[in-house]
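K.L.:
What follows is start.cif, made up of mmCIF, C-alpha atoms:
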data_target
loop_
_atom_site.label_atom_id
_atom_site.label_comp_id
_atom_site.auth_asym_id
_atom_site.auth_seq_id
_atom_site.Cartn_x
_atom_site.Cartn_y
_atom_site.Cartn_z
CA MET A 182 -120.14 91.05 27.63
CA LYS A 183 -123.39 89.48 28.81
CA LEU A 184 -124.29 85.82 28.76
CA SER A 185 -127.72 84.24 28.91
CA TYR A 186 -127.64 80.98 30.89
CA GLU A 187 -129.99 78.07 31.32
CA ASN A 188 -129.08 76.30 34.55
CA LYS A 189 -129.75 72.59 34.12
CA GLU A 190 -129.69 71.92 37.88
CA ARG A 191 -131.84 74.81 39.04
CA GLU A 192 -133.97 75.02 35.88
CA ALA A 193 -133.70 78.78 36.01
CA SER A 194 -132.28 81.53 33.81
CA ILE A 195 -129.64 83.89 35.09
CA LEU A 196 -127.80 86.85 33.65
CA ALA A 197 -124.21 87.28 34.74
CA ASN A 198 -120.79 88.03 33.40
CA THR A 199 -118.19 85.30 33.10
CA GLU A 200 -116.10 86.57 36.00
CA ALA A 201 -119.01 86.02 38.39
CA ALA A 202 -120.52 82.90 36.91
CA VAL A 203 -117.78 80.72 35.53
CA PHE A 204 -116.06 78.12 37.72
CA ASP A 205 -117.25 79.65 40.97
CA GLY A 206 -118.04 76.20 42.32
CA GLU A 207 -121.74 77.00 42.57
CA ILE A 208 -123.32 77.62 39.19
CA GLY A 209 -123.31 74.44 37.16
CA GLY A 210 -120.53 72.85 39.20
CA GLY A 211 -117.77 74.67 37.34
CA ASN A 212 -118.17 73.37 33.77
CA LEU A 213 -119.56 75.08 30.66
CA LEU A 214 -121.33 73.72 27.60
CA ILE A 215 -121.87 76.48 25.07
CA HIS A 216 -124.22 76.32 22.08
CA GLY A 217 -122.99 78.76 19.47
CA ASP A 218 -120.52 79.65 16.72
CA ASN A 219 -117.16 78.77 18.20
CA LEU A 220 -115.42 81.78 16.64
CA ASN A 221 -117.71 84.17 18.50
CA VAL A 222 -117.57 82.09 21.67
CA LEU A 223 -113.77 81.93 21.68
CA GLN A 224 -113.64 85.70 21.33
CA ALA A 225 -116.08 86.07 24.23
CA LEU A 226 -114.11 83.73 26.48
CA ARG A 227 -110.90 85.76 26.16
CA ALA A 228 -112.09 88.24 28.80
CA SER A 229 -112.02 85.58 31.51
CA PHE A 230 -109.90 82.73 30.19
CA SER A 231 -106.81 84.21 28.54
CA GLU A 232 -103.84 82.00 29.50
CA LYS A 233 -106.01 79.89 31.83
CA VAL A 234 -106.69 76.80 29.72
CA ASP A 235 -104.14 74.00 30.21
CA LEU A 236 -105.36 71.68 27.46
CA ILE A 237 -107.23 72.07 24.19
CA TYR A 238 -108.38 69.03 22.23
CA ILE A 239 -110.29 69.57 19.00
CA ASP A 240 -111.59 67.26 16.31
CA PRO A 241 -112.63 69.80 13.64
CA PRO A 242 -114.29 69.01 10.32
CA TYR A 243 -111.92 67.39 7.83
CA SER A 244 -112.89 69.32 4.67
CA THR A 245 -114.75 66.31 3.25
CA ASN A 246 -117.61 68.25 1.59
CA THR A 247 -120.11 66.09 3.47
CA VAL A 248 -123.24 66.79 5.51
CA TYR A 249 -123.34 64.52 8.58
CA ARG A 250 -126.72 63.58 9.99
CA ILE A 251 -127.72 62.02 13.29
CA GLY A 252 -130.20 59.18 13.10
CA THR A 253 -133.36 59.33 15.21
CA GLU A 254 -132.46 56.00 16.76
CA ARG A 255 -129.44 57.65 18.39
CA THR A 256 -131.26 60.62 19.93
CA GLY A 257 -133.26 59.00 22.72
CA THR A 258 -136.29 61.12 23.58
CA VAL A 259 -135.05 64.10 21.56
CA SER A 260 -136.83 64.68 18.23
CA PHE A 261 -135.59 66.83 15.37
CA SER A 262 -137.09 68.28 12.23
CA PRO A 263 -135.59 67.08 8.92
CA GLU A 264 -133.25 70.08 9.01
CA ASP A 265 -132.39 69.68 12.68
CA ASP A 266 -131.13 66.12 12.22
CA ILE A 267 -128.01 67.60 10.60
CA ALA A 268 -125.19 66.99 13.06
CA TYR A 269 -122.84 69.32 11.22
CA ARG A 270 -121.83 70.48 7.75
CA ASP A 271 -118.29 69.80 6.60
CA ASP A 272 -118.56 71.83 3.42
CA LEU A 273 -115.58 74.18 3.51
CA GLY A 274 -112.62 73.32 1.32
CA GLY A 275 -109.17 74.48 0.33
CA SER A 276 -107.98 77.88 1.46
CA GLU A 277 -111.42 78.76 2.85
CA TYR A 278 -111.23 75.80 5.22
CA LEU A 279 -107.69 76.59 6.34
CA GLU A 280 -108.50 80.27 6.91
CA SER A 281 -111.54 79.31 9.00
CA LEU A 282 -109.37 77.06 11.14
CA ARG A 283 -106.58 79.64 11.34
CA LYS A 284 -108.89 82.29 12.87
CA ARG A 285 -109.97 79.90 15.60
CA LEU A 286 -106.49 78.60 16.37
CA ILE A 287 -105.10 82.12 16.77
CA ILE A 288 -107.67 82.86 19.47
CA ALA A 289 -107.24 79.41 21.02
CA LYS A 290 -103.52 80.10 21.48
CA LYS A 291 -104.37 83.18 23.54
CA LEU A 292 -106.52 81.04 25.85
CA LEU A 293 -103.75 78.50 26.47
CA SER A 294 -101.67 78.85 29.61
CA PRO A 295 -97.88 79.17 29.15
CA TRP A 296 -97.63 75.48 30.12
CA GLY A 297 -100.66 74.43 28.04
CA SER A 298 -100.91 72.11 25.04
CA ILE A 299 -103.20 71.59 22.08
CA TYR A 300 -104.06 68.33 20.31
CA LEU A 301 -105.73 68.63 16.90
CA HIS A 302 -107.33 65.49 15.47
CA ILE A 303 -107.42 65.42 11.67
CA ASP A 304 -107.28 62.99 8.73
CA ASP A 305 -104.43 62.25 6.35
CA LYS A 306 -105.90 64.18 3.41
CA ILE A 307 -105.82 67.64 4.98
CA GLY A 308 -103.57 66.99 7.97
CA HIS A 309 -100.26 67.96 6.34
CA TYR A 310 -101.67 71.41 5.46
CA VAL A 311 -102.95 71.83 9.02
CA ASN A 312 -99.52 70.81 10.34
CA VAL A 313 -97.93 73.74 8.47
CA LEU A 314 -100.67 76.06 9.74
CA MET A 315 -100.01 75.03 13.34
CA ASP A 316 -96.25 75.51 12.85
CA GLU A 317 -97.05 79.08 11.88
CA ILE A 318 -99.34 79.77 14.87
CA PHE A 319 -97.70 77.78 17.68
CA GLY A 320 -94.13 77.71 16.38
CA GLN A 321 -92.12 74.84 14.91
CA GLU A 322 -90.15 74.69 18.15
CA ASN A 323 -93.36 73.79 20.02
CA PHE A 324 -94.25 70.85 17.78
CA ARG A 325 -94.22 67.75 19.99
CA ASN A 326 -95.66 64.85 18.02
CA ASP A 327 -97.52 63.76 14.93
CA ILE A 328 -99.41 60.82 16.46
CA THR A 329 -100.73 58.10 14.18
CA ARG A 330 -104.05 56.77 15.48
CA ILE A 331 -105.30 53.40 14.20
CA LYS A 332 -109.02 54.10 14.02
CA CYS A 333 -110.62 50.96 12.56
CA ASN A 334 -110.13 47.47 11.22
CA PRO A 335 -108.76 47.04 7.68
CA LYS A 336 -111.28 47.67 4.90
CA ASN A 337 -111.32 46.37 1.32
CA PHE A 338 -112.39 49.45 -0.61
CA SER A 339 -111.90 49.06 -4.36
CA ARG A 340 -109.61 51.94 -5.24
CA GLN A 341 -106.16 52.43 -6.65
CA GLY A 342 -104.34 52.98 -3.40
CA TYR A 343 -103.69 51.43 0.00
CA GLY A 344 -106.39 51.05 2.60
CA ASN A 345 -106.72 53.75 5.24
CA ILE A 346 -106.99 52.69 8.88
CA LYS A 347 -105.38 55.73 10.50
CA ASP A 348 -105.82 59.39 11.18
CA LEU A 349 -103.52 61.97 12.78
CA ILE A 350 -103.30 63.86 16.05
CA LEU A 351 -101.04 66.93 15.93
CA PHE A 352 -99.63 67.74 19.37
CA TYR A 353 -98.18 71.21 20.09
CA SER A 354 -97.27 72.92 23.33
CA ASN A 355 -97.63 76.63 24.02
CA GLY A 356 -94.11 76.94 25.37
CA PRO A 357 -90.93 75.06 26.23
CA ASP A 358 -92.12 73.47 29.48
CA PRO A 359 -95.67 72.11 29.13
CA ILE A 360 -97.56 70.00 31.64
CA TRP A 361 -96.41 66.44 31.03
CA ASN A 362 -97.44 63.35 32.96
CA GLU A 363 -95.56 60.42 31.47
CA VAL A 364 -97.90 57.80 30.02
CA ARG A 365 -96.85 54.19 30.46
CA VAL A 366 -98.46 51.13 28.96
CA PRO A 367 -98.32 47.60 30.44
CA LEU A 368 -95.89 45.11 28.97
CA ASP A 369 -97.56 42.57 26.71
CA GLU A 370 -96.92 38.84 26.79
CA ALA A 371 -94.22 39.06 24.13
CA ASP A 372 -92.40 41.73 26.17
CA LEU A 373 -92.65 39.64 29.32
CA ASN A 374 -91.29 36.53 27.61
CA ARG A 375 -88.42 38.50 26.09
CA LEU A 376 -87.43 40.63 29.07
CA PHE A 377 -88.28 38.46 32.09
CA ARG A 378 -87.21 34.92 31.32
CA LYS A 379 -86.69 33.66 34.85
CA VAL A 380 -89.28 32.49 37.38
CA ASP A 381 -88.65 32.27 41.13
CA LYS A 382 -89.91 29.62 43.56
CA ASP A 383 -93.14 31.61 44.07
CA GLY A 384 -93.88 31.74 40.37
CA ARG A 385 -92.91 35.40 39.94
CA ARG A 386 -91.33 36.27 36.61
CA TYR A 387 -88.07 38.23 36.88
CA THR A 388 -84.77 39.21 35.29
CA THR A 389 -81.44 40.42 36.67
CA ILE A 390 -79.21 43.40 35.91
CA PRO A 391 -75.58 44.15 36.82
CA LEU A 392 -74.89 45.86 40.14
CA HIS A 393 -72.05 47.88 38.61
CA ALA A 394 -71.79 50.66 36.02
CA PRO A 395 -68.98 52.16 33.89
CA GLY A 396 -66.48 54.48 35.56
CA GLU A 397 -64.21 54.02 38.55
CA THR A 398 -64.83 55.65 41.93
CA ARG A 399 -61.50 56.19 43.65
CA ASP A 400 -62.51 57.56 47.03
CA GLY A 401 -66.30 57.26 47.21
CA ALA A 402 -68.39 54.51 48.80
CA THR A 403 -69.33 52.94 45.45
CA GLY A 404 -65.69 51.97 44.88
CA LYS A 405 -65.43 50.00 48.13
CA LYS A 406 -65.90 46.29 48.74
CA PHE A 407 -69.28 44.58 48.95
CA LYS A 408 -69.24 41.11 50.51
CA GLY A 409 -65.47 41.17 50.05
CA LEU A 410 -65.77 42.02 46.34
CA LEU A 411 -64.55 45.11 44.57
CA PRO A 412 -66.41 46.23 41.44
CA PRO A 413 -64.81 45.06 38.17
CA LYS A 414 -61.86 47.10 36.87
CA GLY A 415 -62.97 50.40 35.34
CA ARG A 416 -66.42 50.25 36.98
CA HIS A 417 -68.18 51.16 40.23
CA TRP A 418 -71.13 49.82 42.22
CA ARG A 419 -74.49 51.41 41.24
CA SER A 420 -75.24 51.84 44.96
CA SER A 421 -73.13 52.02 48.09
CA PRO A 422 -72.18 48.70 49.75
CA GLU A 423 -74.56 49.63 52.59
CA VAL A 424 -77.51 49.77 50.19
CA LEU A 425 -76.39 46.57 48.48
CA GLU A 426 -76.33 44.81 51.86
CA LYS A 427 -79.97 45.81 52.40
CA LEU A 428 -80.95 44.53 48.94
CA ASP A 429 -79.21 41.24 49.65
CA ALA A 430 -81.01 40.91 52.98
CA GLN A 431 -84.32 41.46 51.19
CA GLY A 432 -83.54 38.67 48.72
CA LEU A 433 -83.23 41.11 45.82
CA ILE A 434 -79.72 40.01 44.75
CA GLU A 435 -79.11 36.80 42.84
CA TRP A 436 -75.67 35.20 43.12
CA SER A 437 -74.35 33.19 40.19
CA LYS A 438 -72.48 29.91 40.56
CA ASN A 439 -69.28 31.92 40.18
CA GLY A 440 -70.28 34.30 42.98
CA VAL A 441 -71.24 37.23 40.77
CA PRO A 442 -74.09 39.33 42.25
CA ARG A 443 -76.90 40.77 40.09
CA LYS A 444 -79.97 42.75 41.11
CA ILE A 445 -83.40 41.07 40.73
CA ILE A 446 -86.11 43.02 38.84
CA TYR A 447 -89.64 41.57 39.01
CA ALA A 448 -92.01 41.84 36.06
CA ASP A 449 -95.00 42.67 38.26
CA GLU A 450 -93.16 45.74 39.60
CA HIS A 451 -92.23 47.10 36.17
CA ILE A 452 -93.67 50.58 35.54
CA GLY A 453 -94.52 49.74 31.93
CA LYS A 454 -93.09 51.05 28.71
CA LYS A 455 -93.25 54.58 27.36
CA LEU A 456 -96.19 55.20 25.07
CA GLN A 457 -94.96 55.69 21.50
CA ASP A 458 -96.48 57.76 18.67
CA ILE A 459 -98.61 55.01 17.09
CA TRP A 460 -101.84 54.44 19.05
CA GLU A 461 -104.57 51.89 18.53
CA PHE A 462 -107.84 53.32 19.83
CA LYS A 463 -110.67 52.23 17.57
CA ASP A 464 -113.84 54.31 17.51
CA PRO A 465 -117.21 53.00 18.77
CA GLN A 466 -118.98 50.70 16.35
CA TYR A 467 -122.35 52.29 17.18
CA PRO A 468 -121.60 55.95 17.97
CA SER A 469 -124.10 58.24 19.64
CA TYR A 470 -123.01 61.02 17.28
CA PRO A 471 -121.08 61.13 13.97
CA THR A 472 -117.30 61.35 14.58
CA GLU A 473 -117.60 60.13 18.20
CA LYS A 474 -114.10 59.20 19.37
CA ASN A 475 -112.80 56.47 21.64
CA LEU A 476 -113.06 57.47 25.32
CA GLU A 477 -109.76 55.81 26.30
CA LEU A 478 -108.02 57.81 23.58
CA LEU A 479 -109.24 61.06 25.13
CA LYS A 480 -108.46 59.93 28.67
CA THR A 481 -104.88 59.24 27.57
CA ILE A 482 -104.53 62.78 26.21
CA VAL A 483 -106.19 64.44 29.20
CA ALA A 484 -104.10 62.46 31.70
CA ALA A 485 -100.83 63.25 29.91
CA SER A 486 -101.24 66.98 29.29
CA SER A 487 -103.32 68.34 32.16
CA ASN A 488 -103.45 68.17 35.93
CA PRO A 489 -106.38 67.77 38.34
CA GLU A 490 -108.41 71.00 38.30
CA SER A 491 -106.90 72.05 34.94
CA ILE A 492 -109.33 73.56 32.45
CA VAL A 493 -109.82 71.44 29.32
CA LEU A 494 -111.36 73.11 26.26
CA ASP A 495 -112.95 71.46 23.21
CA PHE A 496 -114.48 73.99 20.82
CA TYR A 497 -115.68 71.36 18.31
CA CYS A 498 -117.03 69.18 21.10
CA GLY A 499 -119.42 67.01 19.05
CA SER A 500 -120.48 64.08 21.20
CA GLY A 501 -118.53 65.40 24.20
CA THR A 502 -116.03 62.55 24.60
CA ALA A 503 -113.21 64.95 25.55
CA LEU A 504 -115.49 66.56 28.12
CA LEU A 505 -116.45 63.18 29.55
CA ALA A 506 -112.77 62.20 29.79
CA ALA A 507 -112.02 65.48 31.57
CA ARG A 508 -114.85 64.93 34.05
CA GLN A 509 -113.81 61.35 34.82
CA LEU A 510 -110.23 62.47 35.49
CA GLY A 511 -111.17 65.39 37.75
CA ARG A 512 -110.55 68.22 35.30
CA ARG A 513 -112.81 71.20 34.62
CA TRP A 514 -114.06 71.66 31.08
CA ILE A 515 -115.55 73.97 28.49
CA GLY A 516 -117.31 72.52 25.44
CA ILE A 517 -118.52 74.52 22.43
CA ASP A 518 -120.59 73.44 19.44
CA GLU A 519 -123.07 75.15 17.12
CA SER A 520 -124.93 71.91 16.40
CA LEU A 521 -128.08 71.35 18.44
CA PRO A 522 -127.84 67.55 18.07
CA ALA A 523 -124.28 67.77 19.45
CA ILE A 524 -125.43 69.78 22.47
CA GLU A 525 -128.27 67.32 23.12
CA THR A 526 -125.90 64.37 22.82
CA VAL A 527 -123.48 65.90 25.33
CA GLY A 528 -126.40 66.54 27.68
CA GLN A 529 -127.44 62.90 27.53
CA ARG A 530 -123.89 61.64 28.12
CA LEU A 531 -122.83 63.99 30.92
CA GLY A 532 -126.09 64.63 32.73
CA PRO A 533 -126.70 67.71 34.93
CA THR A 534 -123.05 68.45 35.67
CA TYR A 535 -122.59 71.72 33.84
CA GLN A 536 -123.85 75.17 32.98
CA LEU A 537 -125.50 75.47 29.55
CA LEU A 538 -124.98 78.76 27.73
CA LYS A 539 -127.46 79.23 24.88
CA GLN A 540 -126.72 82.76 23.72
CA ILE A 541 -123.62 84.88 23.76
CA THR A 542 -123.46 88.55 22.99
CA ILE A 543 -120.14 90.35 22.75
CA GLY A 544 -120.27 93.97 23.75
#
For this file, write the structure as structure tokens.
P.N.:
Amino acid sequence: MKLSYENKEREASILANTEAAVFDGEIGGGNLLIHGDNLNVLQALRASFSEKVDLIYIDPPYSTNTVYRIGTERTGTVSFSPEDDIAYRDDLGGSEYLESLRKRLIIAKKLLSPWGSIYLHIDDKIGHYVNVLMDEIFGQENFRNDITRIKCNPKNFSRQGYGNIKDLILFYSNGPDPIWNEVRVPLDEADLNRLFRKVDKDGRRYTTIPLHAPGETRDGATGKKFKGLLPPKGRHWRSSPEVLEKLDAQGLIEWSKNGVPRKIIYADEHIGKKLQDIWEFKDPQYPSYPTEKNLELLKTIVAASSNPESIVLDFYCGSGTALLAARQLGRRWIGIDESLPAIETVGQRLGPTYQLLKQITIG
């Protein structure tokens, strides 16, 4: 396999194979933007990237039978002919669409590491068919979530049906133990008022929890006295009396009027609540490219399912939001798109931080 490169930093062309050129820390800084048919490109990448990609995010066409164009006002100094202003064609439907996606997902699975994950962004019209397709390829046992993403404000379209403000993100792992960095979100004001109703002399909001837990400890330290008190019948201290003494000395135990101790938990030290499967990440009002997604949405996915120095792949990269999220979070990335406007848009957003591949020949 030979690849023809245009190096955006050196402004020179090189010929090399992927083993020598990709992620060597010298050519293009270790990231790839590839202009070409993603089916061919995915096949070409197998030689060097099988089981090396930790995260795939894709936002493929939605089978809408629509041609999406990019306006000249969004392209900066780049000019296109009337044909070139086509961002992409979403003109496959039915079984033809699903078969096209199937071919790409089968290869994508081979690129995923054993601890890798894939997130596929799709709409509610075709998403349930794609869900079944991904069950087949990745296995029902590796289905993690069907995430509902609130994408916009309510709209008053005149049709016989409810308004649509959501799309779907299908999350699958490539095995039983994927990379997972728990995502927490800050408590909102309603949570704070409900969970932390007390305020100390310094104005810090707090609550208290019992120092004991169910189950007796007959011989261990947690069954012994603390400040002359035994734990209630049928229970034991959550920590040894020695630890409880330290908490009390630090002012982290509140004593009731009846002499009952409870541990103080401050709101400003709370780690936040677990992110659930309904997300509100609205897309940009003035996108640089059709289908451009919310950057914070992509940063959430990249942070949760990859580690620093992981490889993140988006083979329908469009405006490059997933690639930008990967770069900002210290991940390496590969982006693929056959649309010239998409490639130009990514170039404008990410600057000279990657290697651009313009032609790929398998053989």
K.L.:
Extract, using all atoms listed in the file, all DNA, RNA and protein residues at most 12 Å from region 373-384 of chain A, discarding same-chain residues fewer than 3 positions from it, and format them as a list in words.
P.N.:
Pro367, Leu368, Asp369, Glu370, Tyr387, Thr388, Thr389, Ile390, Gly432, Leu433, Glu435, Ile445, Ile446, Tyr447, Ala448, Asp449, Glu450, His451, Gly453 and Lys454 of chain A
K.L.:
Those same residues - C-alpha atoms - I'd like them written as a PDB file, in the coordinates of the input.
P.N.:
ATOM      1  CA  PRO A 367     -98.320  47.600  30.440  1.00  0.00           C
ATOM      2  CA  LEU A 368     -95.890  45.110  28.970  1.00  0.00           C
ATOM      3  CA  ASP A 369     -97.560  42.570  26.710  1.00  0.00           C
ATOM      4  CA  GLU A 370     -96.920  38.840  26.790  1.00  0.00           C
ATOM      5  CA  TYR A 387     -88.070  38.230  36.880  1.00  0.00           C
ATOM      6  CA  THR A 388     -84.770  39.210  35.290  1.00  0.00           C
ATOM      7  CA  THR A 389     -81.440  40.420  36.670  1.00  0.00           C
ATOM      8  CA  ILE A 390     -79.210  43.400  35.910  1.00  0.00           C
ATOM      9  CA  GLY A 432     -83.540  38.670  48.720  1.00  0.00           C
ATOM     10  CA  LEU A 433     -83.230  41.110  45.820  1.00  0.00           C
ATOM     11  CA  GLU A 435     -79.110  36.800  42.840  1.00  0.00           C
ATOM     12  CA  ILE A 445     -83.400  41.070  40.730  1.00  0.00           C
ATOM     13  CA  ILE A 446     -86.110  43.020  38.840  1.00  0.00           C
ATOM     14  CA  TYR A 447     -89.640  41.570  39.010  1.00  0.00           C
ATOM     15  CA  ALA A 448     -92.010  41.840  36.060  1.00  0.00           C
ATOM     16  CA  ASP A 449     -95.000  42.670  38.260  1.00  0.00           C
ATOM     17  CA  GLU A 450     -93.160  45.740  39.600  1.00  0.00           C
ATOM     18  CA  HIS A 451     -92.230  47.100  36.170  1.00  0.00           C
ATOM     19  CA  GLY A 453     -94.520  49.740  31.930  1.00  0.00           C
ATOM     20  CA  LYS A 454     -93.090  51.050  28.710  1.00  0.00           C
TER      21      LYS A 454
END
K.L.:
Can you tell me which residues surround Gly344 (chain A) at a distance of at most 12 Å, considering only C-alpha atoms, apart from same-chain residues fewer than 3 positions away, and format the answer as a list in words?
P.N.:
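Counting only the stated atoms, we get Asp305, Ile331, Cys333, Asn334, Pro335, Lys336, Asn337, Phe338, Ser339, Arg340, Gln341, Lys347 and Asp348 of chain A.
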K.L.:
Can you list what the PyMOL selection byres ((chain A and resi 475) around 7) grabs from this structure, as an NGL selection string?
P.N.:
:A and (462-465 or 473-474 or 476-479)
K.L.:
List every protein, DNA or RNA residue with an atom no more than 12 Å from (-111.6, 83.3, 14.7) in the file's coordinates, counting only C-alpha atoms, and format the result as a PyMOL selection string.
P.N.:
chain A and resi 218-225+227+279-291+496
K.L.:
Emit the selected residues as a PDB file, in the coordinates of the input, including C-alpha atoms.
P.N.:
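Okay, out_6.pdb is ready:
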ATOM      1  CA  ASP A 218    -120.520  79.650  16.720  1.00  0.00           C
ATOM      2  CA  ASN A 219    -117.160  78.770  18.200  1.00  0.00           C
ATOM      3  CA  LEU A 220    -115.420  81.780  16.640  1.00  0.00           C
ATOM      4  CA  ASN A 221    -117.710  84.170  18.500  1.00  0.00           C
ATOM      5  CA  VAL A 222    -117.570  82.090  21.670  1.00  0.00           C
ATOM      6  CA  LEU A 223    -113.770  81.930  21.680  1.00  0.00           C
ATOM      7  CA  GLN A 224    -113.640  85.700  21.330  1.00  0.00           C
ATOM      8  CA  ALA A 225    -116.080  86.070  24.230  1.00  0.00           C
ATOM      9  CA  ARG A 227    -110.900  85.760  26.160  1.00  0.00           C
ATOM     10  CA  LEU A 279    -107.690  76.590   6.340  1.00  0.00           C
ATOM     11  CA  GLU A 280    -108.500  80.270   6.910  1.00  0.00           C
ATOM     12  CA  SER A 281    -111.540  79.310   9.000  1.00  0.00           C
ATOM     13  CA  LEU A 282    -109.370  77.060  11.140  1.00  0.00           C
ATOM     14  CA  ARG A 283    -106.580  79.640  11.340  1.00  0.00           C
ATOM     15  CA  LYS A 284    -108.890  82.290  12.870  1.00  0.00           C
ATOM     16  CA  ARG A 285    -109.970  79.900  15.600  1.00  0.00           C
ATOM     17  CA  LEU A 286    -106.490  78.600  16.370  1.00  0.00           C
ATOM     18  CA  ILE A 287    -105.100  82.120  16.770  1.00  0.00           C
ATOM     19  CA  ILE A 288    -107.670  82.860  19.470  1.00  0.00           C
ATOM     20  CA  ALA A 289    -107.240  79.410  21.020  1.00  0.00           C
ATOM     21  CA  LYS A 290    -103.520  80.100  21.480  1.00  0.00           C
ATOM     22  CA  LYS A 291    -104.370  83.180  23.540  1.00  0.00           C
ATOM     23  CA  PHE A 496    -114.480  73.990  20.820  1.00  0.00           C
TER      24      PHE A 496
END
K.L.:
For CA of Leu213 (chain A) and CA of Gly532 (chain A), determine how far apart the two atoms are, in Å to one decimal place.
P.N.:
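Value for the CA of Leu213 (chain A)-CA of Gly532 (chain A) distance: 12.5 Å.
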K.L.:
Could you list, as a PyMOL selection string, every residue matched by the PyMOL selection byres ((chain A and resi 228-234) around 10) in this structure?
P.N.:
chain A and resi 182+198-201+203+223-227+235-237+288-299+355+487+491-494+513-515
K.L.:
So, with all atoms listed in the file as the atoms that count, which of A:Gln321, A:Lys406, A:Leu349, A:Ser276 lies closest to Ile459 (chain A)?
P.N.:
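Ranked by minimum distance to Ile459 (chain A), first place goes to A:Leu349.
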K.L.:
CA of Pro422 (chain A) to CA of Thr398 (chain A): how many Å, to one decimal?
P.N.:
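Atom-to-atom, CA of Pro422 (chain A) to CA of Thr398 (chain A), that is 12.8 Å.
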